[in-house]
>>> print(open('structure_8.txt').read())   # compact mmCIF, N, CA and C atoms and all ligand atoms
# COMPACT_ATOMS: atom_id res chain seq x y z
N MET A 1119 89.43 33.65 8.94
CA MET A 1119 89.77 34.93 9.59
C MET A 1119 90.45 35.85 8.57
N ALA A 1120 90.31 37.10 8.82
CA ALA A 1120 90.90 38.08 7.91
C ALA A 1120 91.67 39.12 8.72
N ARG A 1121 92.70 39.59 8.11
CA ARG A 1121 93.48 40.65 8.74
C ARG A 1121 92.85 42.00 8.38
N LEU A 1122 92.65 42.85 9.37
CA LEU A 1122 91.99 44.13 9.15
C LEU A 1122 93.03 45.25 9.13
N THR A 1123 92.64 46.37 8.56
CA THR A 1123 93.54 47.53 8.51
C THR A 1123 93.41 48.34 9.79
N ILE A 1124 94.55 48.62 10.41
CA ILE A 1124 94.54 49.44 11.63
C ILE A 1124 94.59 50.91 11.24
N ILE A 1125 93.59 51.67 11.69
CA ILE A 1125 93.57 53.09 11.34
C ILE A 1125 94.54 53.86 12.25
N LYS A 1126 95.05 54.94 11.72
CA LYS A 1126 96.07 55.71 12.42
C LYS A 1126 95.48 56.98 13.03
N GLN A 1127 96.31 57.63 13.82
CA GLN A 1127 95.85 58.79 14.60
C GLN A 1127 95.32 59.95 13.74
N ASP A 1128 95.74 60.01 12.47
CA ASP A 1128 95.28 61.11 11.61
C ASP A 1128 93.91 60.83 10.99
N ASN A 1129 93.36 59.64 11.22
CA ASN A 1129 92.02 59.32 10.73
C ASN A 1129 90.99 59.81 11.75
N PRO A 1130 90.07 60.71 11.36
CA PRO A 1130 89.13 61.29 12.31
C PRO A 1130 88.27 60.26 13.06
N LEU A 1131 88.10 59.10 12.46
CA LEU A 1131 87.30 58.03 13.08
C LEU A 1131 87.86 57.64 14.46
N ILE A 1132 89.18 57.74 14.63
CA ILE A 1132 89.83 57.29 15.87
C ILE A 1132 89.36 58.12 17.08
N ARG A 1133 88.76 59.29 16.81
CA ARG A 1133 88.30 60.17 17.89
C ARG A 1133 86.82 59.98 18.24
N LYS A 1134 86.16 59.06 17.57
CA LYS A 1134 84.73 58.83 17.82
C LYS A 1134 84.54 58.02 19.10
N HIS A 1135 83.33 58.13 19.66
CA HIS A 1135 82.95 57.30 20.80
C HIS A 1135 82.31 56.01 20.30
N SER A 1136 82.72 54.90 20.87
CA SER A 1136 82.16 53.61 20.48
C SER A 1136 80.89 53.34 21.26
N LYS A 1137 80.03 52.53 20.68
CA LYS A 1137 78.75 52.23 21.35
C LYS A 1137 78.76 50.82 21.94
N PRO A 1138 77.94 50.63 22.99
CA PRO A 1138 77.93 49.33 23.65
C PRO A 1138 77.50 48.21 22.70
N VAL A 1139 78.03 47.02 22.94
CA VAL A 1139 77.60 45.82 22.21
C VAL A 1139 76.35 45.30 22.92
N GLU A 1140 75.27 45.16 22.18
CA GLU A 1140 74.02 44.65 22.78
C GLU A 1140 73.65 43.29 22.21
N ASP A 1141 74.08 43.05 20.97
CA ASP A 1141 73.73 41.83 20.28
C ASP A 1141 75.00 41.00 20.11
N PHE A 1142 75.12 39.93 20.90
CA PHE A 1142 76.35 39.13 20.88
C PHE A 1142 76.25 38.07 19.78
N SER A 1143 76.20 38.56 18.56
CA SER A 1143 75.86 37.74 17.40
C SER A 1143 77.11 37.15 16.74
N PRO A 1144 76.90 36.21 15.81
CA PRO A 1144 78.02 35.67 15.03
C PRO A 1144 78.83 36.77 14.35
N ARG A 1145 78.19 37.87 13.98
CA ARG A 1145 78.90 38.97 13.33
C ARG A 1145 79.96 39.55 14.27
N ILE A 1146 79.57 39.70 15.55
CA ILE A 1146 80.51 40.20 16.56
C ILE A 1146 81.67 39.21 16.72
N HIS A 1147 81.35 37.91 16.72
CA HIS A 1147 82.38 36.88 16.88
C HIS A 1147 83.37 36.95 15.71
N THR A 1148 82.86 37.16 14.51
CA THR A 1148 83.74 37.26 13.33
C THR A 1148 84.67 38.46 13.46
N ILE A 1149 84.11 39.60 13.89
CA ILE A 1149 84.95 40.79 14.07
C ILE A 1149 86.06 40.49 15.09
N LEU A 1150 85.70 39.86 16.21
CA LEU A 1150 86.69 39.54 17.25
C LEU A 1150 87.76 38.59 16.71
N ASP A 1151 87.34 37.57 15.94
CA ASP A 1151 88.32 36.63 15.35
C ASP A 1151 89.29 37.38 14.45
N ASP A 1152 88.75 38.29 13.65
CA ASP A 1152 89.60 39.08 12.75
C ASP A 1152 90.53 40.00 13.54
N MET A 1153 90.02 40.53 14.66
CA MET A 1153 90.86 41.39 15.51
C MET A 1153 92.02 40.61 16.11
N HIS A 1154 91.77 39.34 16.51
CA HIS A 1154 92.86 38.49 17.04
C HIS A 1154 93.97 38.36 16.00
N GLU A 1155 93.58 38.05 14.77
CA GLU A 1155 94.56 37.85 13.71
C GLU A 1155 95.33 39.15 13.44
N THR A 1156 94.58 40.25 13.45
CA THR A 1156 95.19 41.56 13.19
C THR A 1156 96.20 41.93 14.28
N LEU A 1157 95.82 41.66 15.53
CA LEU A 1157 96.69 42.00 16.66
C LEU A 1157 97.97 41.14 16.64
N LEU A 1158 97.80 39.85 16.38
CA LEU A 1158 98.96 38.95 16.34
C LEU A 1158 99.93 39.41 15.26
N HIS A 1159 99.40 39.73 14.10
CA HIS A 1159 100.24 40.14 12.97
C HIS A 1159 100.95 41.46 13.25
N ALA A 1160 100.26 42.35 14.00
CA ALA A 1160 100.82 43.68 14.26
C ALA A 1160 101.81 43.67 15.43
N ASN A 1161 101.89 42.52 16.14
CA ASN A 1161 102.82 42.41 17.27
C ASN A 1161 102.50 43.35 18.42
N GLY A 1162 101.23 43.59 18.65
CA GLY A 1162 100.83 44.46 19.75
C GLY A 1162 100.38 43.64 20.95
N ILE A 1163 99.97 44.31 22.02
CA ILE A 1163 99.42 43.60 23.19
C ILE A 1163 97.96 43.98 23.43
N GLY A 1164 97.46 44.93 22.64
CA GLY A 1164 96.05 45.30 22.80
C GLY A 1164 95.52 45.93 21.53
N LEU A 1165 94.22 45.71 21.28
CA LEU A 1165 93.59 46.30 20.08
C LEU A 1165 92.12 46.54 20.39
N ALA A 1166 91.69 47.79 20.20
CA ALA A 1166 90.28 48.12 20.37
C ALA A 1166 89.60 48.09 19.00
N ALA A 1167 88.32 47.76 19.00
CA ALA A 1167 87.59 47.61 17.73
C ALA A 1167 87.66 48.89 16.89
N ILE A 1168 87.63 50.04 17.56
CA ILE A 1168 87.67 51.30 16.83
C ILE A 1168 88.95 51.42 16.00
N GLN A 1169 90.01 50.74 16.42
CA GLN A 1169 91.28 50.81 15.67
C GLN A 1169 91.20 50.09 14.33
N VAL A 1170 90.17 49.25 14.18
CA VAL A 1170 89.93 48.66 12.86
C VAL A 1170 88.64 49.24 12.27
N GLY A 1171 88.26 50.41 12.79
CA GLY A 1171 87.16 51.17 12.20
C GLY A 1171 85.77 50.71 12.60
N ILE A 1172 85.69 49.92 13.68
CA ILE A 1172 84.39 49.39 14.13
C ILE A 1172 84.06 50.00 15.49
N LEU A 1173 82.95 50.75 15.54
CA LEU A 1173 82.67 51.56 16.72
C LEU A 1173 81.86 50.81 17.78
N TYR A 1174 82.40 49.71 18.24
CA TYR A 1174 81.82 48.95 19.34
C TYR A 1174 82.79 48.95 20.51
N ARG A 1175 82.20 48.95 21.73
CA ARG A 1175 83.03 48.96 22.93
C ARG A 1175 83.57 47.55 23.20
N MET A 1176 84.56 47.18 22.44
CA MET A 1176 85.22 45.89 22.66
C MET A 1176 86.68 45.97 22.27
N ALA A 1177 87.48 45.15 22.95
CA ALA A 1177 88.93 45.16 22.72
C ALA A 1177 89.49 43.78 23.04
N ILE A 1178 90.66 43.53 22.51
CA ILE A 1178 91.43 42.34 22.88
C ILE A 1178 92.64 42.81 23.66
N VAL A 1179 92.87 42.18 24.80
CA VAL A 1179 94.06 42.51 25.60
C VAL A 1179 94.83 41.22 25.87
N MET A 1180 96.14 41.28 25.65
CA MET A 1180 96.99 40.13 25.92
C MET A 1180 97.66 40.38 27.27
N THR A 1181 97.12 39.75 28.32
CA THR A 1181 97.59 40.04 29.67
C THR A 1181 98.59 38.98 30.12
N GLN A 1182 99.40 39.36 31.12
CA GLN A 1182 100.35 38.41 31.69
C GLN A 1182 99.65 37.48 32.66
N GLU A 1183 98.65 38.03 33.37
CA GLU A 1183 98.02 37.29 34.46
C GLU A 1183 96.86 36.40 33.99
N HIS A 1184 96.12 36.88 32.97
CA HIS A 1184 94.90 36.15 32.57
C HIS A 1184 94.94 35.67 31.12
N GLY A 1185 96.10 35.77 30.46
CA GLY A 1185 96.17 35.38 29.06
C GLY A 1185 95.46 36.38 28.16
N THR A 1186 95.07 35.94 26.98
CA THR A 1186 94.42 36.83 26.03
C THR A 1186 92.92 36.86 26.32
N LEU A 1187 92.40 38.08 26.49
CA LEU A 1187 90.98 38.25 26.83
C LEU A 1187 90.29 39.15 25.83
N GLU A 1188 89.04 38.85 25.59
CA GLU A 1188 88.16 39.78 24.87
C GLU A 1188 87.37 40.53 25.92
N ILE A 1189 87.52 41.84 25.97
CA ILE A 1189 86.76 42.62 26.95
C ILE A 1189 85.73 43.47 26.19
N ILE A 1190 84.48 43.20 26.52
CA ILE A 1190 83.36 43.85 25.82
C ILE A 1190 82.55 44.65 26.85
N ASN A 1191 82.20 45.86 26.49
CA ASN A 1191 81.48 46.79 27.39
C ASN A 1191 82.19 46.90 28.75
N PRO A 1192 83.51 47.10 28.76
CA PRO A 1192 84.22 47.11 30.04
C PRO A 1192 83.93 48.36 30.86
N VAL A 1193 83.88 48.15 32.18
CA VAL A 1193 83.69 49.26 33.13
C VAL A 1193 84.72 49.09 34.24
N ILE A 1194 85.50 50.15 34.49
CA ILE A 1194 86.48 50.11 35.58
C ILE A 1194 85.74 50.38 36.88
N LYS A 1195 85.74 49.40 37.78
CA LYS A 1195 85.01 49.54 39.05
C LYS A 1195 85.90 50.12 40.15
N THR A 1196 87.18 49.78 40.12
CA THR A 1196 88.13 50.29 41.10
C THR A 1196 89.43 50.62 40.38
N ALA A 1197 90.06 51.71 40.76
CA ALA A 1197 91.38 52.06 40.21
C ALA A 1197 92.21 52.60 41.35
N LYS A 1198 93.42 52.00 41.53
CA LYS A 1198 94.26 52.40 42.67
C LYS A 1198 95.72 52.54 42.25
N ARG A 1199 96.45 53.31 43.08
CA ARG A 1199 97.91 53.40 42.99
C ARG A 1199 98.39 53.79 41.59
N GLN A 1200 98.52 55.09 41.35
CA GLN A 1200 98.98 55.59 40.06
C GLN A 1200 100.45 55.24 39.83
N ARG A 1201 100.79 55.00 38.59
CA ARG A 1201 102.19 54.82 38.22
C ARG A 1201 102.39 55.42 36.83
N THR A 1202 103.62 55.75 36.51
CA THR A 1202 103.93 56.33 35.21
C THR A 1202 104.84 55.38 34.47
N ASP A 1203 104.46 55.02 33.24
CA ASP A 1203 105.28 54.08 32.49
C ASP A 1203 105.18 54.37 30.98
N ALA A 1204 106.14 53.82 30.23
CA ALA A 1204 106.20 54.07 28.79
C ALA A 1204 105.08 53.31 28.07
N GLU A 1205 104.50 53.95 27.07
CA GLU A 1205 103.44 53.35 26.28
C GLU A 1205 103.64 53.63 24.81
N GLY A 1206 103.02 52.80 24.00
CA GLY A 1206 102.94 53.04 22.57
C GLY A 1206 101.56 52.59 22.11
N CYS A 1207 101.30 52.72 20.80
CA CYS A 1207 99.97 52.38 20.29
C CYS A 1207 100.08 52.02 18.81
N LEU A 1208 99.37 50.98 18.42
CA LEU A 1208 99.42 50.55 17.02
C LEU A 1208 98.87 51.62 16.08
N SER A 1209 98.07 52.55 16.60
CA SER A 1209 97.51 53.63 15.78
C SER A 1209 98.42 54.86 15.76
N CYS A 1210 99.49 54.82 16.54
CA CYS A 1210 100.43 55.96 16.60
C CYS A 1210 101.85 55.44 16.39
N PRO A 1211 102.14 54.89 15.20
CA PRO A 1211 103.44 54.26 14.99
C PRO A 1211 104.59 55.25 15.19
N GLY A 1212 105.66 54.76 15.82
CA GLY A 1212 106.86 55.57 15.99
C GLY A 1212 106.81 56.52 17.17
N ILE A 1213 105.68 56.54 17.91
CA ILE A 1213 105.56 57.46 19.04
C ILE A 1213 105.54 56.64 20.33
N SER A 1214 106.32 57.10 21.33
CA SER A 1214 106.17 56.52 22.65
C SER A 1214 106.29 57.65 23.66
N GLY A 1215 105.78 57.40 24.85
CA GLY A 1215 105.83 58.43 25.87
C GLY A 1215 105.35 57.87 27.18
N ARG A 1216 105.61 58.62 28.25
CA ARG A 1216 105.25 58.14 29.58
C ARG A 1216 103.89 58.67 29.98
N VAL A 1217 103.05 57.74 30.44
CA VAL A 1217 101.67 58.06 30.78
C VAL A 1217 101.37 57.58 32.21
N ARG A 1218 100.60 58.40 32.93
CA ARG A 1218 100.21 58.06 34.29
C ARG A 1218 98.91 57.26 34.26
N ARG A 1219 98.93 56.09 34.87
CA ARG A 1219 97.78 55.17 34.90
C ARG A 1219 97.69 54.49 36.26
N PRO A 1220 96.52 53.95 36.57
CA PRO A 1220 96.44 53.16 37.81
C PRO A 1220 97.26 51.86 37.70
N HIS A 1221 97.85 51.47 38.81
CA HIS A 1221 98.64 50.23 38.86
C HIS A 1221 97.74 49.02 39.09
N PHE A 1222 96.55 49.29 39.61
CA PHE A 1222 95.62 48.21 39.95
C PHE A 1222 94.21 48.62 39.55
N ILE A 1223 93.52 47.77 38.81
CA ILE A 1223 92.10 48.03 38.54
C ILE A 1223 91.27 46.76 38.72
N THR A 1224 90.02 46.97 39.07
CA THR A 1224 89.04 45.89 39.00
C THR A 1224 88.13 46.23 37.83
N LEU A 1225 88.02 45.27 36.92
CA LEU A 1225 87.28 45.51 35.68
C LEU A 1225 86.08 44.58 35.59
N GLU A 1226 84.95 45.17 35.22
CA GLU A 1226 83.77 44.39 34.91
C GLU A 1226 83.61 44.43 33.40
N TYR A 1227 83.39 43.29 32.77
CA TYR A 1227 83.24 43.26 31.31
C TYR A 1227 82.42 42.05 30.91
N GLN A 1228 82.05 41.99 29.65
CA GLN A 1228 81.34 40.82 29.13
C GLN A 1228 82.22 40.10 28.12
N ASP A 1229 82.01 38.79 27.99
CA ASP A 1229 82.72 38.04 26.96
C ASP A 1229 81.86 38.00 25.69
N ARG A 1230 82.32 37.27 24.67
CA ARG A 1230 81.63 37.29 23.37
C ARG A 1230 80.24 36.66 23.41
N HIS A 1231 79.94 35.97 24.52
CA HIS A 1231 78.61 35.39 24.65
C HIS A 1231 77.70 36.25 25.52
N GLY A 1232 78.23 37.38 25.99
CA GLY A 1232 77.43 38.29 26.80
C GLY A 1232 77.53 38.00 28.29
N LYS A 1233 78.31 36.97 28.66
CA LYS A 1233 78.47 36.62 30.07
C LYS A 1233 79.34 37.66 30.77
N LYS A 1234 78.88 38.07 31.98
CA LYS A 1234 79.62 39.08 32.74
C LYS A 1234 80.76 38.47 33.55
N HIS A 1235 81.88 39.19 33.59
CA HIS A 1235 83.03 38.77 34.39
C HIS A 1235 83.55 39.97 35.19
N THR A 1236 84.18 39.67 36.33
CA THR A 1236 84.89 40.71 37.08
C THR A 1236 86.29 40.18 37.36
N LYS A 1237 87.30 40.94 36.98
CA LYS A 1237 88.69 40.49 37.19
C LYS A 1237 89.55 41.66 37.66
N ASP A 1238 90.61 41.31 38.40
CA ASP A 1238 91.60 42.30 38.81
C ASP A 1238 92.78 42.28 37.84
N PHE A 1239 93.32 43.46 37.58
CA PHE A 1239 94.48 43.58 36.69
C PHE A 1239 95.53 44.44 37.38
N HIS A 1240 96.79 44.02 37.26
CA HIS A 1240 97.90 44.76 37.88
C HIS A 1240 98.91 45.19 36.82
N GLY A 1241 99.67 46.24 37.14
CA GLY A 1241 100.84 46.63 36.34
C GLY A 1241 100.50 46.84 34.88
N ILE A 1242 101.30 46.21 34.01
CA ILE A 1242 101.15 46.39 32.55
C ILE A 1242 99.77 45.93 32.08
N ASP A 1243 99.20 44.94 32.75
CA ASP A 1243 97.86 44.47 32.36
C ASP A 1243 96.81 45.57 32.61
N ALA A 1244 96.94 46.26 33.74
CA ALA A 1244 96.01 47.36 34.06
C ALA A 1244 96.19 48.50 33.07
N VAL A 1245 97.46 48.79 32.75
CA VAL A 1245 97.77 49.85 31.78
C VAL A 1245 97.12 49.53 30.42
N CYS A 1246 97.28 48.29 29.99
CA CYS A 1246 96.77 47.86 28.69
C CYS A 1246 95.23 48.01 28.65
N CYS A 1247 94.56 47.56 29.70
CA CYS A 1247 93.09 47.68 29.75
C CYS A 1247 92.67 49.15 29.70
N CYS A 1248 93.31 50.00 30.50
CA CYS A 1248 92.95 51.43 30.55
C CYS A 1248 93.19 52.09 29.19
N HIS A 1249 94.28 51.73 28.54
CA HIS A 1249 94.61 52.27 27.21
C HIS A 1249 93.51 51.90 26.20
N GLU A 1250 93.08 50.64 26.23
CA GLU A 1250 92.06 50.20 25.26
C GLU A 1250 90.70 50.83 25.57
N ILE A 1251 90.39 50.99 26.84
CA ILE A 1251 89.10 51.61 27.22
C ILE A 1251 89.10 53.08 26.81
N ASP A 1252 90.24 53.74 26.93
CA ASP A 1252 90.36 55.13 26.43
C ASP A 1252 89.99 55.20 24.94
N HIS A 1253 90.48 54.22 24.16
CA HIS A 1253 90.16 54.20 22.72
C HIS A 1253 88.65 54.24 22.49
N MET A 1254 87.91 53.56 23.36
CA MET A 1254 86.45 53.47 23.19
C MET A 1254 85.78 54.83 23.38
N ASP A 1255 86.51 55.75 24.03
CA ASP A 1255 86.00 57.11 24.23
C ASP A 1255 86.75 58.13 23.36
N GLY A 1256 87.46 57.64 22.36
CA GLY A 1256 88.14 58.53 21.43
C GLY A 1256 89.41 59.17 21.97
N ILE A 1257 89.93 58.60 23.06
CA ILE A 1257 91.13 59.17 23.70
C ILE A 1257 92.36 58.36 23.30
N LEU A 1258 93.43 59.06 22.92
CA LEU A 1258 94.69 58.40 22.58
C LEU A 1258 95.72 58.65 23.69
N PHE A 1259 96.67 57.73 23.82
CA PHE A 1259 97.68 57.88 24.88
C PHE A 1259 98.50 59.15 24.69
N ILE A 1260 98.62 59.61 23.43
CA ILE A 1260 99.41 60.83 23.17
C ILE A 1260 98.76 62.06 23.81
N ASP A 1261 97.45 61.97 24.12
CA ASP A 1261 96.77 63.08 24.82
C ASP A 1261 97.25 63.18 26.26
N LYS A 1262 97.82 62.08 26.78
CA LYS A 1262 98.11 61.97 28.21
C LYS A 1262 99.59 61.91 28.53
N ILE A 1263 100.44 62.01 27.50
CA ILE A 1263 101.89 61.92 27.73
C ILE A 1263 102.34 63.03 28.67
N GLU A 1264 103.12 62.63 29.69
CA GLU A 1264 103.61 63.61 30.65
C GLU A 1264 104.75 64.40 30.06
N LYS A 1265 104.66 65.70 30.20
CA LYS A 1265 105.67 66.58 29.60
C LYS A 1265 106.96 66.58 30.44
ZN ZN B 1 96.22 52.18 21.32
>>> encode(input="structure_8.txt", output="structure tokens", more="lines below")
Ligand SMILES: [Zn+2]
Amino acid sequence: MARLTIIKQDNPLIRKHSKPVEDFSPRIHTILDDMHETLLHANGIGLAAIQVGILYRMAIVMTQEHGTLEIINPVIKTAKRQRTDAEGCLSCPGISGRVRRPHFITLEYQDRHGKKHTKDFHGIDAVCCCHEIDHMDGILFIDKIEK
């Protein structure tokens, strides 16, 4: 495994849209393994592939309810009960702010083998998933900070 460089908010790449993963190949598995190592070293709870400069719709989320998950091609099927809470981002060091997000989501996603899963996420876990999915569309939490 290798540790990857996390790109920051001033890198124009962070604003790109990521594309779906169609080929669940060993190359994808290697990227995910490297992302795990990168996330652990960075002390974060979530990392999207775009943050290491790879434009695929995949992320790692460290959840309280389901442990550490790889979410690939995620789609939010249900979002309920908005809440506002403090957030930060490994690509925006030194910045934090309060962002409005759903408190409950149902997420459909694929694992590294292409198998489909549907899971419910609450509280900080839901926030983390929504934050990472925003990255896949070039959106940063700083765009959403409540004034
Ligand atoms: Zn982030």
>>> residues_around(input="structure_8.txt", residues="stretch 1226-1238 of chain A", least_positions_apart="6", cutoff="6 Å", atoms="all atoms listed in the file", output="JSON list (two decimals) with N, CA and C atoms, keeping the file's coordinate frame")
[["chain", "number", "residue", "atom", "x", "y", "z"],
["A", 1142, "PHE", "N", 75.12, 39.93, 20.90],
["A", 1142, "PHE", "CA", 76.35, 39.13, 20.88],
["A", 1142, "PHE", "C", 76.25, 38.07, 19.78],
["A", 1188, "GLU", "N", 89.04, 38.85, 25.59],
["A", 1188, "GLU", "CA", 88.16, 39.78, 24.87],
["A", 1188, "GLU", "C", 87.37, 40.53, 25.92],
["A", 1189, "ILE", "N", 87.52, 41.84, 25.97],
["A", 1189, "ILE", "CA", 86.76, 42.62, 26.95],
["A", 1189, "ILE", "C", 85.73, 43.47, 26.19],
["A", 1190, "ILE", "N", 84.48, 43.20, 26.52],
["A", 1190, "ILE", "CA", 83.36, 43.85, 25.82],
["A", 1190, "ILE", "C", 82.55, 44.65, 26.85],
["A", 1191, "ASN", "N", 82.20, 45.86, 26.49],
["A", 1191, "ASN", "CA", 81.48, 46.79, 27.39],
["A", 1191, "ASN", "C", 82.19, 46.90, 28.75],
["A", 1192, "PRO", "N", 83.51, 47.10, 28.76],
["A", 1192, "PRO", "CA", 84.22, 47.11, 30.04],
["A", 1192, "PRO", "C", 83.93, 48.36, 30.86],
["A", 1193, "VAL", "N", 83.88, 48.15, 32.18],
["A", 1193, "VAL", "CA", 83.69, 49.26, 33.13],
["A", 1193, "VAL", "C", 84.72, 49.09, 34.24],
["A", 1194, "ILE", "N", 85.50, 50.15, 34.49],
["A", 1194, "ILE", "CA", 86.48, 50.11, 35.58],
["A", 1194, "ILE", "C", 85.74, 50.38, 36.88],
["A", 1195, "LYS", "N", 85.74, 49.40, 37.78],
["A", 1195, "LYS", "CA", 85.01, 49.54, 39.05],
["A", 1195, "LYS", "C", 85.90, 50.12, 40.15]]
>>> residues_around(input="structure_8.txt", residues="stretch 1173-1182 of chain A", least_positions_apart="3", cutoff="8 Å", atoms="all atoms listed in the file", output="ChimeraX atom specification")
/A:1134-1140,1150,1153-1154,1162-1170,1185-1192,1242-1244,1246-1247,1250-1251,1253-1255
>>> closest_atom_pairs(input="structure_8.txt", of="chain A", to="ligand ZN 1 (chain B)", cutoff="6 Å", atoms="only N, CA and C atoms and all ligand atoms", output="tab-separated table")
residue	atom	partner	partner_atom	distance
A:Gly1206	C	B:ZN1	ZN	5.4
A:Cys1207	CA	B:ZN1	ZN	3.9
A:Leu1208	N	B:ZN1	ZN	4.4
A:Ser1209	N	B:ZN1	ZN	5.1
A:His1249	C	B:ZN1	ZN	5.6
>>> atom_distance(input="structure_8.txt", atom1="atom C of A:Ile1132", atom2="atom CA of A:Ile1260")
12.1 Å
>>> atom_distance(input="structure_8.txt", atom1="atom CA of A:Arg1121", atom2="atom C of A:Cys1210")
18.6 Å
>>> closest_residue(input="structure_8.txt", among="A:Arg1199, A:His1221, A:Arg1216, A:His1240", to="A:Lys1265", atoms="only C-alpha atoms")
A:Arg1216
>>> atom_distance(input="structure_8.txt", atom1="atom CA of A:Ile1125", atom2="atom C of A:Ile1172")
10.8 Å
>>> select_by_dssp(input="structure_8.txt", residues="chain A", states="strand (DSSP E or B)", output="count of residues only")
54
>>> residues_near_point(input="structure_8.txt", point="(104.0, 54.6, 36.0)", cutoff="7 Å", atoms="only N, CA and C atoms", output="MDAnalysis selection string")
chainID A and resid 1200:1204 1217:1219
